[in-house]
Structure formats: structure tokens, C-alpha cells
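J.: Before we start, here is the structure in question, set down as C-alpha cells.
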Amino acid sequence: MTGTMAYHLISRWSGTLGLCAIVAVIRPAHADPRAVVELFTSQGCSSCPPADKIIGELAKDPSIIAMSMPIDYWDYLGWKDTLADSRFSARQKAYSQMRGDREVYTPQVIVNGSVHVIGSDRTGIENAIGATRKGEGVMSIPVTMTQSGKQLTVSVAAASKSPAAMRGEVWICSISRSVPISIARGENRGKEITYHNVVRNLVKLGDWNGNPGSWTVPLDSVAPDGIDAAVAIVQDGSRDKPGPMLGAAYTSLH
């Protein structure tokens with residue numbers, strides 16, 4: 001597919017866990033992360049497989065929390081992306097509105113909630129990580145997760161500077177670390193592509209006001225079948241107006 005649509009296009013298109021008496025501290029696999037990298041991808045995007053592979057590589061870096069957020073706005077072409085979620089499409093568009101541009105495309109990476117890069121540009125992603133780290137408060141808030149019986153608690157530390165001036169929302173993402181998909185139609189038909197750290201659910205836990213806080217959820221609501229990891233994020237702004245990432249943690253659940 002060629003030409004300009006509602007969005008700028010990059011690609012051409014066609015077509016039980018322990019006894020209740022035991023409290024386990026889940027130390028994030030990505031301790032003290034310097035970046036949250038979100039990839040907006042699609043099974044029908046011929047330019048996306050290299051970006052999907054890069055996310056898998058970045059997921060091995062203990063200083064980076066890399067997530068895949070498959071979008072659904074190409075489903076109208078006649079076949080459905082089996083991992084797509086309309087919430088991710090809305091999230092990607094909200095980022096664009098906050099930046100003041102119309103740059104919504106696949107594959108697109110958002111680094112630390114503020115800078116967008118073509119998802120297949122590994123150097124660009126690394127440069128964006130360095131650039132966004134200079135922002136005040138970016139990835140400066142310690143976040144941890146603890147498990148007690150069948151509950152998972154996300155704890156957020158106080159802001160080290162001017163806590164009264166810092167605000168954010170606390171979210172938890174349910175993650176499938178590796179999802180191989182055989183593509184039946186579209187430009188990638190006949191290929192098997194592995195999607196890494198795929199977000200399967202995204203739930204707001206509450207608001208953070210700059211002071212220490214914690215939020216507890218049933219483990220079953222975070223880790224149903226097919227979920228083997230979780231990401232907790234603290235992000236400036238709101239669902240409709242997402243801002244810079246203030247802190248995050250990643251942990252395996254099995």
C-alpha cells in the first residue's frame with residue numbers, strides 16, 4: 001500500500017506460587033533500568049520483523065525493559081493480527097498527540113515515553129535512550145515487586161528531589177516473553193515470527209504523588225495462562241496524555 005493515510009506509513013502493506021505464609025521478594029530481572037522501550041508492531045508489516053528481532057535482543061539487556069505492543073489499526077485490510085489490542089493503538093496515538101506530530105507508524109519505538117524512533121534502527125534507539133536520560137526525573141524512581149501467596153505488590157519509592165512536584169500513574173503490564181506466530185496472510189505470509197515481551201494486558205493500579213506507595217493485585221489477574229512475566233511502570237501524565245517514564249521494574253513470574 002502506498003500513499004498518505006490518516007497516519008504516516010513506514011511500510012508498504014498488502015494484505016499456584018508458594019505458601020501464603022511465605023513472602024518472596026521478586027527482584028526485577030532488569031534492576032535499575034535506564035530505559036523503557038515500547039515497540040508498536042504488526043504481523044502484517046513487512047518492515048516489522050527486523051524491529052521485532054531487535055526487541056528480543058534488547059530484552060536480554062538488564063538495563064532495558066523492552067516490550068512489544070501489537071496494534072490493530074491494520075485489521076481493516078481483511079485479516080486480524082492475533083496479538084493486536086486497540087488499547088495499544090490508542091496509546092501510540094496518544095504519544096503522537098503529546099509530541100504534537102502525526103508520526104504514528106509501524107514499526108515504531110517509543111523510548112522512555114518521549115522520543116520516537118523507527119523500530120528497526122538499533123543505533124537510533126540507543127541514541128534516544130541516552131538523550132531521554134537527560135530529562136529531569138526520567139527513570140529515577142525505584143520500583144519493586146513482591147509476591148505474598150497469590151498476591152503481587154508493586155512498591156514505588158519516594159522521589160529523591162521535590163517529591164511534592166512529581167506525579168505519575170502506576171501501571172502493570174502482563175507479559176508473554178516469547179510468542180511464535182505463523183503468519184498466514186499479508187506481506188509476511190509463510191513466515192514464523194517470534195514476538196518478544198508481548199504485552200497481553202495493561203492495567204492502571206493507581207496514582208503516585210511523589211511519596212512512597214504500594215499497590216496489591218491478585219496474581220491471577222496478572223498472570224493467567226500464557227503470561228510468564230510482568231512489568232510495572234510509573235509514568236508522568238495520564239492514559240490519554242502519557243509523559244516521560246519515571247521508573248519501572250521487570251520480573252519473571254515462572
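By convention here, the chains of the C-alpha cells are called A, B, ... in the order presented, each chain's residues are numbered starting at 1, and ligands are numbered starting at 1 in the order presented.
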Name the residues in contact with region 177-182 of chain A at a cut-off of 12 Å, using only C-alpha atoms, excluding same-chain residues fewer than 6 positions from it; report them as a count of residues only.

T.: 42

J.: I want to know what sits within 10 Å of region 210-219 of chain A, based on only C-alpha atoms, with residues of the same chain fewer than 5 positions away left out; could you give that as a short mmCIF file (atom, residue, chain, number, x, y, z; two decimals) with C-alpha atoms, in the first residue's frame?

T.:
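Heads up, here's the output in out-v7.cif:
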```cif
data_model
loop_
_atom_site.label_atom_id
_atom_site.label_comp_id
_atom_site.auth_asym_id
_atom_site.auth_seq_id
_atom_site.Cartn_x
_atom_site.Cartn_y
_atom_site.Cartn_z
CA THR A 16 -0.08 -21.77 42.31
CA LEU A 17 3.05 -19.95 43.54
CA ILE A 141 12.19 6.35 40.81
CA PRO A 142 12.96 2.87 42.24
CA VAL A 143 10.19 0.34 41.63
CA THR A 144 9.98 -3.19 43.06
CA MET A 145 7.52 -6.09 43.00
CA THR A 146 6.86 -8.57 45.85
CA GLN A 147 4.79 -11.73 45.93
CA SER A 148 2.88 -12.93 49.00
CA GLY A 149 0.87 -16.06 48.37
CA LYS A 150 -1.43 -15.29 45.47
CA GLN A 151 -0.92 -11.55 45.51
CA LEU A 152 1.55 -9.30 43.74
CA THR A 153 2.51 -5.92 45.21
CA VAL A 154 4.12 -3.08 43.32
CA SER A 155 6.04 -0.65 45.52
CA VAL A 156 7.23 2.78 44.39
CA ALA A 157 9.82 4.75 46.35
CA ALA A 158 9.69 8.45 47.12
CA ALA A 159 11.09 10.99 44.73
CA SER A 160 14.62 11.93 45.75
CA LYS A 161 14.09 15.55 44.77
CA SER A 162 10.99 17.74 45.18
CA PRO A 163 8.51 14.91 45.81
CA ALA A 164 5.62 17.38 46.00
CA ALA A 165 6.32 18.38 42.41
CA MET A 166 6.32 14.85 40.99
CA ARG A 167 3.22 12.94 39.97
CA GLY A 168 2.60 9.82 37.96
CA VAL A 170 1.32 3.29 38.20
CA TRP A 171 0.59 0.59 35.66
CA ILE A 172 1.23 -3.13 35.47
CA LEU A 205 -3.00 0.34 39.63
CA PRO A 224 -3.39 -16.07 33.54
CA LEU A 253 6.65 -14.93 37.20
#
```

J.: Using the chain letters and numbers from this document, which residues of region 20-245 of chain A does DSSP assign to strand (DSSP E or B), as JSON, numbers by chain?

T.: {"A": [23, 24, 25, 26, 35, 36, 37, 38, 39, 40, 41, 64, 65, 66, 67, 68, 69, 70, 108, 109, 110, 111, 115, 116, 117, 118, 143, 144, 145, 146, 147, 148, 151, 152, 153, 154, 155, 156, 168, 169, 170, 171, 172, 173, 174, 175, 176, 177, 178, 179, 180, 181, 182, 192, 193, 194, 195, 196, 197, 198, 199, 200, 201, 202, 203, 204, 205, 206, 207, 208, 213, 214, 215, 216, 217, 218, 229, 230, 231, 232, 233, 234, 235, 236, 237, 242, 243, 244, 245]}

J.: Can you tell me, as a PyMOL selection string, what residues are no more than 9 Å from Asp32 (chain A) when counting only C-alpha atoms, ignoring any on the same chain fewer than 6 positions away?

T.: chain A and resi 62-64+139-140+142-143+247-249

J.: Could you find all residues in region 8-166 of chain A that DSSP calls alpha helix (DSSP H) from the backbone, and write them as an NGL selection string?

T.: :A and (48-58 or 86-99 or 122-132)

J.: So that I can check the surroundings of Asp75 (chain A), please list as a VMD selection string every protein, DNA and RNA residue that reaches within 12 Å of it, counting only C-alpha atoms and ignoring chain neighbours fewer than 2 positions away.

T.: chain A and resid 13 to 15 42 to 45 70 to 73 77 to 86 89 185 to 186

J.: Residues as selected, N, CA and C atoms, written as a short mmCIF file (atom, residue, chain, number, x, y, z; two decimals), in the first residue's frame, can you do that?

T.:
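New file result.cif:
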```
data_model
loop_
_atom_site.label_atom_id
_atom_site.label_comp_id
_atom_site.auth_asym_id
_atom_site.auth_seq_id
_atom_site.Cartn_x
_atom_site.Cartn_y
_atom_site.Cartn_z
N TRP A 13 1.91 -2.06 2.53
CA TRP A 13 1.03 -3.09 3.05
C TRP A 13 0.33 -3.87 1.93
N SER A 14 0.08 -5.13 2.18
CA SER A 14 -0.87 -5.92 1.41
C SER A 14 -1.59 -6.77 2.48
N GLY A 15 -2.21 -6.93 1.64
CA GLY A 15 -2.85 -7.66 2.69
C GLY A 15 -2.44 -7.46 4.19
N SER A 42 3.19 -4.93 14.04
CA SER A 42 2.03 -5.60 13.43
C SER A 42 2.50 -6.81 12.65
N GLN A 43 1.69 -7.87 12.68
CA GLN A 43 2.05 -9.09 11.97
C GLN A 43 2.05 -8.90 10.46
N GLY A 44 1.32 -7.93 9.95
CA GLY A 44 1.25 -7.73 8.52
C GLY A 44 2.25 -6.74 7.97
N CYS A 45 3.14 -6.25 8.81
CA CYS A 45 4.08 -5.19 8.42
C CYS A 45 5.39 -5.80 7.95
N PRO A 70 1.48 -4.87 20.01
CA PRO A 70 0.91 -5.01 18.67
C PRO A 70 -0.36 -4.17 18.51
N ILE A 71 -0.44 -3.43 17.41
CA ILE A 71 -1.56 -2.53 17.16
C ILE A 71 -2.59 -3.20 16.26
N ASP A 72 -3.80 -2.60 16.22
CA ASP A 72 -4.89 -3.23 15.46
C ASP A 72 -5.40 -2.39 14.29
N TYR A 73 -4.79 -1.23 14.01
CA TYR A 73 -5.41 -0.37 13.00
C TYR A 73 -5.21 -0.84 11.57
N LEU A 77 -7.76 -4.27 6.76
CA LEU A 77 -7.32 -4.79 5.46
C LEU A 77 -7.93 -6.15 5.16
N GLY A 78 -8.56 -6.80 6.16
CA GLY A 78 -9.27 -8.03 5.89
C GLY A 78 -8.83 -9.23 6.70
N TRP A 79 -7.79 -9.08 7.50
CA TRP A 79 -7.39 -10.17 8.38
C TRP A 79 -6.86 -9.59 9.68
N LYS A 80 -7.01 -10.33 10.78
CA LYS A 80 -6.74 -9.80 12.10
C LYS A 80 -5.38 -10.24 12.63
N ASP A 81 -4.63 -9.26 13.14
CA ASP A 81 -3.40 -9.54 13.88
C ASP A 81 -3.81 -10.24 15.17
N THR A 82 -3.32 -11.44 15.40
CA THR A 82 -3.79 -12.26 16.51
C THR A 82 -3.34 -11.77 17.88
N LEU A 83 -2.39 -10.85 17.94
CA LEU A 83 -1.90 -10.31 19.21
C LEU A 83 -2.34 -8.86 19.43
N ALA A 84 -2.98 -8.27 18.43
CA ALA A 84 -3.27 -6.84 18.47
C ALA A 84 -4.29 -6.47 19.54
N ASP A 85 -4.16 -5.23 20.02
CA ASP A 85 -5.05 -4.71 21.05
C ASP A 85 -5.31 -3.24 20.74
N SER A 86 -6.57 -2.86 20.73
CA SER A 86 -6.92 -1.47 20.41
C SER A 86 -6.35 -0.49 21.42
N SER A 89 -3.03 0.71 20.15
CA SER A 89 -3.20 1.70 19.08
C SER A 89 -3.50 3.07 19.68
N ARG A 185 -1.29 -14.60 6.27
CA ARG A 185 -1.65 -13.69 5.19
C ARG A 185 -0.82 -12.43 5.25
N GLY A 186 -0.95 -11.61 4.23
CA GLY A 186 -0.23 -10.34 4.21
C GLY A 186 1.20 -10.49 3.70
#
```

J.: Just checking: using only C-alpha atoms, which residue out of A:Val222, A:Ala35, A:Met69, A:Ala90 ends up closest to Asn112 (chain A)?

T.: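 Ranked by minimum distance to Asn112 (chain A), first place goes to A:Ala35.
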